[in-house]
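Okay, so here's the structure we're looking at.
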Amino acid sequence: MADLSVNFAGIKSPNPFWLASAPPTNMGSMIERAFDAGWGGAVWKTLGEPIVNVCSRLASVDNGTSRMMGLNNIELITDRPLDVNLKEIRECKRKYPKHALIISLMVESKREAWHEIAMQVEDTGADGVELNFGCPHGMSERGMGAAMGQVPEYTCMVTEWVKEATRLPVIVKLTPNVTSITPPANAAVKGGADALSLINTINSIIGVDLDTMIPHPNVNGMAAHGGYCGPAVKPIALNMVSELARNENVNVPISGIGGIGTWRDAAEFLLLGATNVQVCTAVMHYGYRIVEDMIDGLSNYLDEKGFASVNEIIGRSVPRVTDWGALDLNYKTVARIDHNKCIQCNLCHIACEDGAHQCIPFTELNGSRYPIVDESECVGCNLCHLVCPVPGCISMVRLDSGNQPLTWRELTSRQ
């Protein structure tokens, strides 16, 4: 079997699957059960001045019969005393020395406060700290969390403070609630960050109860914006991870977070530049044992592809990501429908007629009416392929025969 062990900024773990800082990592007994289930590492739920949470605090978006496609939370950092957390951290690390144990931190913007908590954590024997510069609700209103991560100067400053106080690897967790992920990432690296993790949750209101007209989640008739996570945010996370992996100024390891629930999800993050992945929502939905399938699936994938180690696929897809202006304008595909598989649902016709380029008219075939692509009008947009419910019925076929590539930049430079 392929070797799944990773070294993330000097922190070793038996596999790249870590639990993210969240309810599943709220206390030592939980993390110990997770390690027993197979998780390679865990990021302890954020420590700081204990807070009082509200009730209720979660709401979700479903997709048909699939529950929790997206999850919104207004839960804050730990509500447990610092000394209790520190005691459990020390005991957990003693019991599981080969697993990665990272401690998430968030305190007020004072150098002495960051120094004190960083030194206290180092004294527990933990493997590293993660600076929570991403929480978008509750703490940000108090000048912490995303309020720090959205200002590159603060990101750099606090990272420097923590680096002054500890020899542990420092991971900076970035907020996606920014116009560009690059400035805060560069600021963290400038401040001495040993690694980055992203994404934290996205600002959101999940919906409104149409009977009571109260948004979700309902806290005694009122609601507040929260953090959005789960499968729905994965494309956003993949994009931001790949942006940093492509940035030559961000030359530190990346921990990928956002919508990861299967080994396939994890493999995509690894291919786009992450060294490991962190999981939260899927564990809240299905429990710690999902890691068993994740380990088996990734191992089998690496074996099938002929890789001896998971490290061999890290960043392998990054060179395949570019800017729109560097894409080949001469690349030409069209849709073709296999009428032996067609069930005549006509979704392709409807989608193309009302949402695309009107190139799938109906034609009589053997006494039945079938959709047939007018290839002279087809622009190869993929929409019909995406809506078709029958696997393999609609294929996107290449027609350009490998013509000399032509990019938009080249085209405009000739004009």
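The way I read the labels, and the way they are meant: chains A, B, ... in the order of the structure tokens, residue 1 as the first residue of every chain, and ligand 1 as the first ligand shown, with later ones counted on from there.
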Listing only residues of range 156-189 of chain A within 6 Å of range 194-216 of chain A, what is the closest atom pair and its distance in Å (to one decimal) for each, using only C-alpha atoms, sorted by chain and residue number ascending, as a tab-separated table?
residue	atom	partner	partner_atom	distance
A:Pro169	CA	A:Asp194	CA	5.7
A:Val170	CA	A:Asp194	CA	5.3
A:Ile171	CA	A:Ala195	CA	4.6
A:Val172	CA	A:Leu196	CA	4.8
A:Lys173	CA	A:Ser197	CA	4.6
A:Leu174	CA	A:Leu198	CA	5.3
A:Thr175	CA	A:Asn200	CA	5.1
A:Pro176	CA	A:Ile199	CA	5.8
Those in range 54-243 of chain A with helix (DSSP H, G or I) from DSSP, as number ranges by chain: A: 82-95, 111-122, 140-142, 146-149, 152-165, 182-190, 231-243
Using only C-alpha atoms: which of A:Asn276, A:Asn251, A:Ala188, A:Arg67 has the shortest distance to Asn311 in chain A: A:Asn276
Non-local contacts of Pro16 in chain A (9 Å; only C-alpha atoms; under 5 positions in same chain excluded) as a ChimeraX atom specification: /A:4-8,39-41,266,275-278,310
For the residues in that selection, give me N, CA and C atoms as a PDB file, in the first residue's frame.
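Output (out-v8.pdb):
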ATOM      1  N   LEU A   4       0.793   6.894   3.337  1.00  0.00           N
ATOM      2  CA  LEU A   4      -0.085   8.054   3.505  1.00  0.00           C
ATOM      3  C   LEU A   4       0.479   9.087   4.478  1.00  0.00           C
ATOM      4  N   SER A   5       1.599   8.817   5.110  1.00  0.00           N
ATOM      5  CA  SER A   5       2.130   9.744   6.105  1.00  0.00           C
ATOM      6  C   SER A   5       2.577  11.051   5.461  1.00  0.00           C
ATOM      7  N   VAL A   6       2.384  12.148   6.189  1.00  0.00           N
ATOM      8  CA  VAL A   6       2.772  13.460   5.682  1.00  0.00           C
ATOM      9  C   VAL A   6       3.553  14.212   6.743  1.00  0.00           C
ATOM     10  N   ASN A   7       4.350  15.158   6.263  1.00  0.00           N
ATOM     11  CA  ASN A   7       5.078  16.075   7.132  1.00  0.00           C
ATOM     12  C   ASN A   7       4.609  17.473   6.767  1.00  0.00           C
ATOM     13  N   PHE A   8       3.826  18.072   7.644  1.00  0.00           N
ATOM     14  CA  PHE A   8       3.226  19.373   7.376  1.00  0.00           C
ATOM     15  C   PHE A   8       3.914  20.421   8.243  1.00  0.00           C
ATOM     16  N   TRP A  39      -8.107   9.024  12.395  1.00  0.00           N
ATOM     17  CA  TRP A  39      -7.709  10.363  11.972  1.00  0.00           C
ATOM     18  C   TRP A  39      -6.236  10.593  12.285  1.00  0.00           C
ATOM     19  N   GLY A  40      -5.540  11.221  11.333  1.00  0.00           N
ATOM     20  CA  GLY A  40      -4.107  11.444  11.506  1.00  0.00           C
ATOM     21  C   GLY A  40      -3.768  12.623  12.380  1.00  0.00           C
ATOM     22  N   GLY A  41      -4.694  13.575  12.497  1.00  0.00           N
ATOM     23  CA  GLY A  41      -4.440  14.751  13.300  1.00  0.00           C
ATOM     24  C   GLY A  41      -5.738  15.454  13.631  1.00  0.00           C
ATOM     25  N   ALA A 266     -10.730  14.884  -0.814  1.00  0.00           N
ATOM     26  CA  ALA A 266      -9.388  15.094  -0.280  1.00  0.00           C
ATOM     27  C   ALA A 266      -8.340  15.057  -1.380  1.00  0.00           C
ATOM     28  N   THR A 275      -1.182  20.101   1.389  1.00  0.00           N
ATOM     29  CA  THR A 275      -0.361  19.015   1.914  1.00  0.00           C
ATOM     30  C   THR A 275      -1.188  18.079   2.783  1.00  0.00           C
ATOM     31  N   ASN A 276      -2.211  18.632   3.417  1.00  0.00           N
ATOM     32  CA  ASN A 276      -3.164  17.809   4.153  1.00  0.00           C
ATOM     33  C   ASN A 276      -4.542  18.449   4.055  1.00  0.00           C
ATOM     34  N   VAL A 277      -5.548  17.813   4.645  1.00  0.00           N
ATOM     35  CA  VAL A 277      -6.903  18.360   4.612  1.00  0.00           C
ATOM     36  C   VAL A 277      -7.502  18.314   6.015  1.00  0.00           C
ATOM     37  N   GLN A 278      -8.431  19.232   6.253  1.00  0.00           N
ATOM     38  CA  GLN A 278      -9.153  19.256   7.517  1.00  0.00           C
ATOM     39  C   GLN A 278     -10.644  19.079   7.239  1.00  0.00           C
ATOM     40  N   VAL A 310       1.631   9.462  -0.813  1.00  0.00           N
ATOM     41  CA  VAL A 310       0.669  10.531  -1.044  1.00  0.00           C
ATOM     42  C   VAL A 310       1.379  11.822  -1.421  1.00  0.00           C
TER      43      VAL A 310
END
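In this structure, CA of Val151 in chain A sits 8.7 Å away from CA of Pro183 in chain A.
Within the 8 Å cut-off around Thr25 in chain A, using only C-alpha atoms and omitting residues fewer than 6 positions from it on the same chain, the listed residues are Leu19, Ile31, Ala42, Val43, Trp44 and Lys45 of chain A.
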Could the residues in this selection be written to a file with N, CA and C atoms, as a PDB file, in the first residue's frame?
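selection.pdb, written as the output of this step:
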ATOM      1  N   LEU A  19      -8.931  16.518  11.641  1.00  0.00           N
ATOM      2  CA  LEU A  19     -10.182  17.168  12.024  1.00  0.00           C
ATOM      3  C   LEU A  19      -9.940  18.666  12.135  1.00  0.00           C
ATOM      4  N   ILE A  31     -11.386  13.882  20.760  1.00  0.00           N
ATOM      5  CA  ILE A  31     -10.235  13.747  19.866  1.00  0.00           C
ATOM      6  C   ILE A  31      -9.594  12.371  20.029  1.00  0.00           C
ATOM      7  N   ALA A  42      -5.646  16.450  14.500  1.00  0.00           N
ATOM      8  CA  ALA A  42      -6.824  17.216  14.887  1.00  0.00           C
ATOM      9  C   ALA A  42      -6.397  18.608  15.301  1.00  0.00           C
ATOM     10  N   VAL A  43      -7.250  19.576  14.977  1.00  0.00           N
ATOM     11  CA  VAL A  43      -7.044  20.950  15.422  1.00  0.00           C
ATOM     12  C   VAL A  43      -8.077  21.228  16.513  1.00  0.00           C
ATOM     13  N   TRP A  44      -7.590  21.431  17.720  1.00  0.00           N
ATOM     14  CA  TRP A  44      -8.451  21.615  18.891  1.00  0.00           C
ATOM     15  C   TRP A  44      -9.367  22.817  18.702  1.00  0.00           C
ATOM     16  N   LYS A  45     -10.599  22.710  19.175  1.00  0.00           N
ATOM     17  CA  LYS A  45     -11.526  23.833  19.078  1.00  0.00           C
ATOM     18  C   LYS A  45     -10.919  25.072  19.717  1.00  0.00           C
TER      19      LYS A  45
END
Backbone-only DSSP, strand (DSSP E) members of range 194-271 of chain A, as a ChimeraX atom specification: /A:195-198,202-204,226-229,254-257
Written file, previous selection with C-alpha atoms, as a PDB file, in the first residue's frame:
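Produced file part32.pdb, reproduced below:
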ATOM      1  CA  ALA A 195       1.881  27.208   7.060  1.00  0.00           C
ATOM      2  CA  LEU A 196      -1.579  28.375   6.004  1.00  0.00           C
ATOM      3  CA  SER A 197      -4.986  26.759   6.360  1.00  0.00           C
ATOM      4  CA  LEU A 198      -8.103  27.707   4.395  1.00  0.00           C
ATOM      5  CA  ILE A 202     -18.306  32.133   4.615  1.00  0.00           C
ATOM      6  CA  ASN A 203     -20.642  34.907   5.772  1.00  0.00           C
ATOM      7  CA  SER A 204     -24.206  33.724   5.303  1.00  0.00           C
ATOM      8  CA  GLY A 226     -23.175  32.954  10.536  1.00  0.00           C
ATOM      9  CA  GLY A 227     -20.471  30.880   8.899  1.00  0.00           C
ATOM     10  CA  TYR A 228     -21.310  28.707   5.876  1.00  0.00           C
ATOM     11  CA  CYS A 229     -19.547  25.375   5.332  1.00  0.00           C
ATOM     12  CA  ILE A 254      -1.254  24.644   2.794  1.00  0.00           C
ATOM     13  CA  SER A 255      -3.924  22.792   4.770  1.00  0.00           C
ATOM     14  CA  GLY A 256      -7.090  22.505   2.682  1.00  0.00           C
ATOM     15  CA  ILE A 257     -10.493  22.986   4.322  1.00  0.00           C
TER      16      ILE A 257
END
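Closest to Arg320 in chain A among A:Arg246, A:His137, A:His339, A:Lys234 is A:Arg246, based on only C-alpha atoms.
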I'd like the neighbourhood of range 372-377 of chain A as a PDB file with N, CA and C atoms, in the first residue's frame, where a residue qualifies if any of its atoms comes within 12 Å (using only C-alpha atoms), though same-chain residues fewer than 2 positions away should be ignored.
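The result, stored in out-v2.pdb:
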ATOM      1  N   LYS A 332     -12.051  22.961 -29.612  1.00  0.00           N
ATOM      2  CA  LYS A 332     -13.452  22.902 -30.030  1.00  0.00           C
ATOM      3  C   LYS A 332     -14.066  21.539 -29.694  1.00  0.00           C
ATOM      4  N   THR A 333     -15.145  21.569 -28.923  1.00  0.00           N
ATOM      5  CA  THR A 333     -15.899  20.346 -28.652  1.00  0.00           C
ATOM      6  C   THR A 333     -17.370  20.576 -28.983  1.00  0.00           C
ATOM      7  N   VAL A 334     -18.073  19.481 -29.287  1.00  0.00           N
ATOM      8  CA  VAL A 334     -19.523  19.525 -29.485  1.00  0.00           C
ATOM      9  C   VAL A 334     -20.151  18.365 -28.728  1.00  0.00           C
ATOM     10  N   ALA A 335     -21.435  18.488 -28.467  1.00  0.00           N
ATOM     11  CA  ALA A 335     -22.165  17.418 -27.787  1.00  0.00           C
ATOM     12  C   ALA A 335     -22.704  16.415 -28.799  1.00  0.00           C
ATOM     13  N   ARG A 336     -22.668  15.141 -28.433  1.00  0.00           N
ATOM     14  CA  ARG A 336     -23.287  14.093 -29.247  1.00  0.00           C
ATOM     15  C   ARG A 336     -24.102  13.186 -28.343  1.00  0.00           C
ATOM     16  N   ILE A 337     -25.284  12.823 -28.809  1.00  0.00           N
ATOM     17  CA  ILE A 337     -26.230  12.052 -28.009  1.00  0.00           C
ATOM     18  C   ILE A 337     -26.296  10.618 -28.514  1.00  0.00           C
ATOM     19  N   ASP A 338     -26.129   9.659 -27.616  1.00  0.00           N
ATOM     20  CA  ASP A 338     -26.274   8.244 -27.944  1.00  0.00           C
ATOM     21  C   ASP A 338     -27.750   7.878 -27.774  1.00  0.00           C
ATOM     22  N   HIS A 339     -28.456   7.740 -28.898  1.00  0.00           N
ATOM     23  CA  HIS A 339     -29.899   7.525 -28.823  1.00  0.00           C
ATOM     24  C   HIS A 339     -30.266   6.119 -28.370  1.00  0.00           C
ATOM     25  N   CYS A 342     -30.688   7.100 -24.781  1.00  0.00           N
ATOM     26  CA  CYS A 342     -31.589   8.218 -24.516  1.00  0.00           C
ATOM     27  C   CYS A 342     -32.947   7.722 -24.017  1.00  0.00           C
ATOM     28  N   GLN A 344     -35.449   9.896 -23.620  1.00  0.00           N
ATOM     29  CA  GLN A 344     -36.379  10.907 -24.138  1.00  0.00           C
ATOM     30  C   GLN A 344     -37.002  11.766 -23.025  1.00  0.00           C
ATOM     31  N   ASN A 346     -35.871  14.704 -22.511  1.00  0.00           N
ATOM     32  CA  ASN A 346     -35.829  16.003 -23.185  1.00  0.00           C
ATOM     33  C   ASN A 346     -35.249  17.129 -22.333  1.00  0.00           C
ATOM     34  N   CYS A 348     -32.155  17.838 -22.089  1.00  0.00           N
ATOM     35  CA  CYS A 348     -31.107  18.486 -22.872  1.00  0.00           C
ATOM     36  C   CYS A 348     -31.702  19.543 -23.795  1.00  0.00           C
ATOM     37  N   HIS A 349     -32.811  19.223 -24.426  1.00  0.00           N
ATOM     38  CA  HIS A 349     -33.471  20.180 -25.326  1.00  0.00           C
ATOM     39  C   HIS A 349     -33.930  21.410 -24.551  1.00  0.00           C
ATOM     40  N   CYS A 352     -30.917  23.522 -23.335  1.00  0.00           N
ATOM     41  CA  CYS A 352     -30.252  24.212 -24.437  1.00  0.00           C
ATOM     42  C   CYS A 352     -31.138  25.315 -25.015  1.00  0.00           C
ATOM     43  N   GLU A 353     -32.438  25.041 -25.105  1.00  0.00           N
ATOM     44  CA  GLU A 353     -33.369  25.996 -25.707  1.00  0.00           C
ATOM     45  C   GLU A 353     -33.535  27.245 -24.843  1.00  0.00           C
ATOM     46  N   ALA A 356     -29.212  28.020 -23.028  1.00  0.00           N
ATOM     47  CA  ALA A 356     -27.921  27.957 -23.722  1.00  0.00           C
ATOM     48  C   ALA A 356     -28.050  28.487 -25.149  1.00  0.00           C
ATOM     49  N   HIS A 357     -27.851  27.632 -26.166  1.00  0.00           N
ATOM     50  CA  HIS A 357     -27.627  28.143 -27.523  1.00  0.00           C
ATOM     51  C   HIS A 357     -28.534  27.554 -28.600  1.00  0.00           C
ATOM     52  N   GLN A 358     -29.672  26.979 -28.201  1.00  0.00           N
ATOM     53  CA  GLN A 358     -30.723  26.532 -29.124  1.00  0.00           C
ATOM     54  C   GLN A 358     -30.184  25.660 -30.265  1.00  0.00           C
ATOM     55  N   CYS A 359     -29.419  24.627 -29.882  1.00  0.00           N
ATOM     56  CA  CYS A 359     -28.830  23.781 -30.921  1.00  0.00           C
ATOM     57  C   CYS A 359     -29.228  22.315 -30.774  1.00  0.00           C
ATOM     58  N   ILE A 360     -30.317  22.020 -30.017  1.00  0.00           N
ATOM     59  CA  ILE A 360     -30.766  20.632 -29.902  1.00  0.00           C
ATOM     60  C   ILE A 360     -32.250  20.550 -30.278  1.00  0.00           C
ATOM     61  N   PRO A 361     -32.537  20.552 -31.593  1.00  0.00           N
ATOM     62  CA  PRO A 361     -33.929  20.401 -32.037  1.00  0.00           C
ATOM     63  C   PRO A 361     -34.358  18.934 -31.974  1.00  0.00           C
ATOM     64  N   PHE A 362     -35.629  18.674 -32.185  1.00  0.00           N
ATOM     65  CA  PHE A 362     -36.147  17.303 -32.231  1.00  0.00           C
ATOM     66  C   PHE A 362     -36.151  16.796 -33.674  1.00  0.00           C
ATOM     67  N   THR A 363     -35.896  15.479 -33.798  1.00  0.00           N
ATOM     68  CA  THR A 363     -35.885  14.827 -35.116  1.00  0.00           C
ATOM     69  C   THR A 363     -36.554  13.467 -34.997  1.00  0.00           C
ATOM     70  N   GLU A 364     -37.318  13.091 -36.026  1.00  0.00           N
ATOM     71  CA  GLU A 364     -37.962  11.781 -36.047  1.00  0.00           C
ATOM     72  C   GLU A 364     -36.945  10.700 -36.356  1.00  0.00           C
ATOM     73  N   LEU A 365     -36.891   9.660 -35.489  1.00  0.00           N
ATOM     74  CA  LEU A 365     -36.030   8.509 -35.712  1.00  0.00           C
ATOM     75  C   LEU A 365     -36.835   7.253 -35.412  1.00  0.00           C
ATOM     76  N   ARG A 369     -39.538  10.616 -31.582  1.00  0.00           N
ATOM     77  CA  ARG A 369     -38.931  11.941 -31.647  1.00  0.00           C
ATOM     78  C   ARG A 369     -37.774  12.026 -30.657  1.00  0.00           C
ATOM     79  N   TYR A 370     -36.569  12.293 -31.167  1.00  0.00           N
ATOM     80  CA  TYR A 370     -35.371  12.375 -30.344  1.00  0.00           C
ATOM     81  C   TYR A 370     -34.700  13.746 -30.486  1.00  0.00           C
ATOM     82  N   VAL A 379     -21.839  25.193 -29.246  1.00  0.00           N
ATOM     83  CA  VAL A 379     -20.643  25.904 -28.800  1.00  0.00           C
ATOM     84  C   VAL A 379     -19.838  25.092 -27.782  1.00  0.00           C
ATOM     85  N   GLY A 380     -20.284  23.864 -27.496  1.00  0.00           N
ATOM     86  CA  GLY A 380     -19.539  23.023 -26.562  1.00  0.00           C
ATOM     87  C   GLY A 380     -19.582  23.506 -25.129  1.00  0.00           C
ATOM     88  N   CYS A 381     -20.723  24.041 -24.702  1.00  0.00           N
ATOM     89  CA  CYS A 381     -20.788  24.635 -23.355  1.00  0.00           C
ATOM     90  C   CYS A 381     -20.908  23.592 -22.243  1.00  0.00           C
ATOM     91  N   CYS A 384     -25.910  20.479 -21.685  1.00  0.00           N
ATOM     92  CA  CYS A 384     -26.730  19.288 -21.928  1.00  0.00           C
ATOM     93  C   CYS A 384     -26.120  18.060 -21.260  1.00  0.00           C
ATOM     94  N   HIS A 385     -24.810  17.958 -21.301  1.00  0.00           N
ATOM     95  CA  HIS A 385     -24.101  16.856 -20.664  1.00  0.00           C
ATOM     96  C   HIS A 385     -24.322  16.865 -19.150  1.00  0.00           C
ATOM     97  N   CYS A 393     -24.793   8.996 -21.922  1.00  0.00           N
ATOM     98  CA  CYS A 393     -25.722   9.264 -23.022  1.00  0.00           C
ATOM     99  C   CYS A 393     -25.248  10.435 -23.880  1.00  0.00           C
ATOM    100  N   ILE A 394     -24.765  11.488 -23.244  1.00  0.00           N
ATOM    101  CA  ILE A 394     -24.260  12.650 -23.972  1.00  0.00           C
ATOM    102  C   ILE A 394     -22.758  12.765 -23.737  1.00  0.00           C
ATOM    103  N   SER A 395     -22.010  12.822 -24.813  1.00  0.00           N
ATOM    104  CA  SER A 395     -20.555  12.942 -24.745  1.00  0.00           C
ATOM    105  C   SER A 395     -20.123  14.249 -25.389  1.00  0.00           C
ATOM    106  N   MET A 396     -19.043  14.813 -24.865  1.00  0.00           N
ATOM    107  CA  MET A 396     -18.449  15.996 -25.473  1.00  0.00           C
ATOM    108  C   MET A 396     -17.272  15.533 -26.325  1.00  0.00           C
ATOM    109  N   VAL A 397     -17.392  15.735 -27.638  1.00  0.00           N
ATOM    110  CA  VAL A 397     -16.446  15.184 -28.610  1.00  0.00           C
ATOM    111  C   VAL A 397     -15.578  16.303 -29.166  1.00  0.00           C
ATOM    112  N   ARG A 398     -14.280  16.073 -29.205  1.00  0.00           N
ATOM    113  CA  ARG A 398     -13.357  17.087 -29.711  1.00  0.00           C
ATOM    114  C   ARG A 398     -13.335  17.084 -31.238  1.00  0.00           C
ATOM    115  N   LEU A 399     -13.373  18.294 -31.829  1.00  0.00           N
ATOM    116  CA  LEU A 399     -13.397  18.420 -33.286  1.00  0.00           C
ATOM    117  C   LEU A 399     -12.185  19.142 -33.863  1.00  0.00           C
TER     118      LEU A 399
END
Quick one: residues within 12 Å of Thr407 in chain A, only C-alpha atoms, excluding same-chain residues fewer than 5 positions away - as a PDB file with C-alpha atoms, in the first residue's frame?
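around_13.pdb, written as the output of this step:
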ATOM      1  CA  THR A 322      -4.172  29.184 -15.373  1.00  0.00           C
ATOM      2  CA  ASP A 323      -5.917  32.479 -16.029  1.00  0.00           C
ATOM      3  CA  TRP A 324      -8.749  32.729 -18.552  1.00  0.00           C
ATOM      4  CA  GLY A 325      -6.579  34.721 -20.919  1.00  0.00           C
ATOM      5  CA  ALA A 326      -4.190  31.774 -21.304  1.00  0.00           C
ATOM      6  CA  LEU A 327      -6.876  29.254 -22.358  1.00  0.00           C
ATOM      7  CA  ASP A 328      -6.887  27.859 -25.914  1.00  0.00           C
ATOM      8  CA  LEU A 329      -9.547  29.547 -28.063  1.00  0.00           C
ATOM      9  CA  ASN A 330      -9.011  26.985 -30.843  1.00  0.00           C
ATOM     10  CA  TYR A 331     -10.068  24.033 -28.672  1.00  0.00           C
ATOM     11  CA  THR A 412      -5.456  40.707 -28.757  1.00  0.00           C
ATOM     12  CA  SER A 413      -1.725  41.260 -29.196  1.00  0.00           C
ATOM     13  CA  ARG A 414      -2.146  40.805 -32.963  1.00  0.00           C
TER      14      ARG A 414
END
Residues near range 48-53 of chain A, cut-off 10 Å, only C-alpha atoms, skip fewer than 6 positions along chain, as an MDAnalysis selection string: chainID A and resid 74:82 104:108 113:114 117 138:139
Nearest-residue call for Pro97 in chain A, choices A:Arg142, A:Arg264, A:Lys163, A:Lys12, using only C-alpha atoms: A:Lys12
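Computed from the coordinates, the CA of Gly297 in chain A to CA of Gly259 in chain A distance equals 17.1 Å.
The residue that comes closest to Val283 in chain A, out of A:Ala351, A:Ala22, A:Cys388, A:Met144 and on the basis of only C-alpha atoms, is A:Ala22.
Each of A:Val129, A:Ile350, A:Met1, A:Ile89 was checked against Asp303 in chain A using only C-alpha atoms; the smallest atom-to-atom distance is that of A:Met1.
Closest approach to Met119 in chain A among A:Ser317, A:Thr166, A:Thr281, A:Gln415: A:Thr166, based on only C-alpha atoms.
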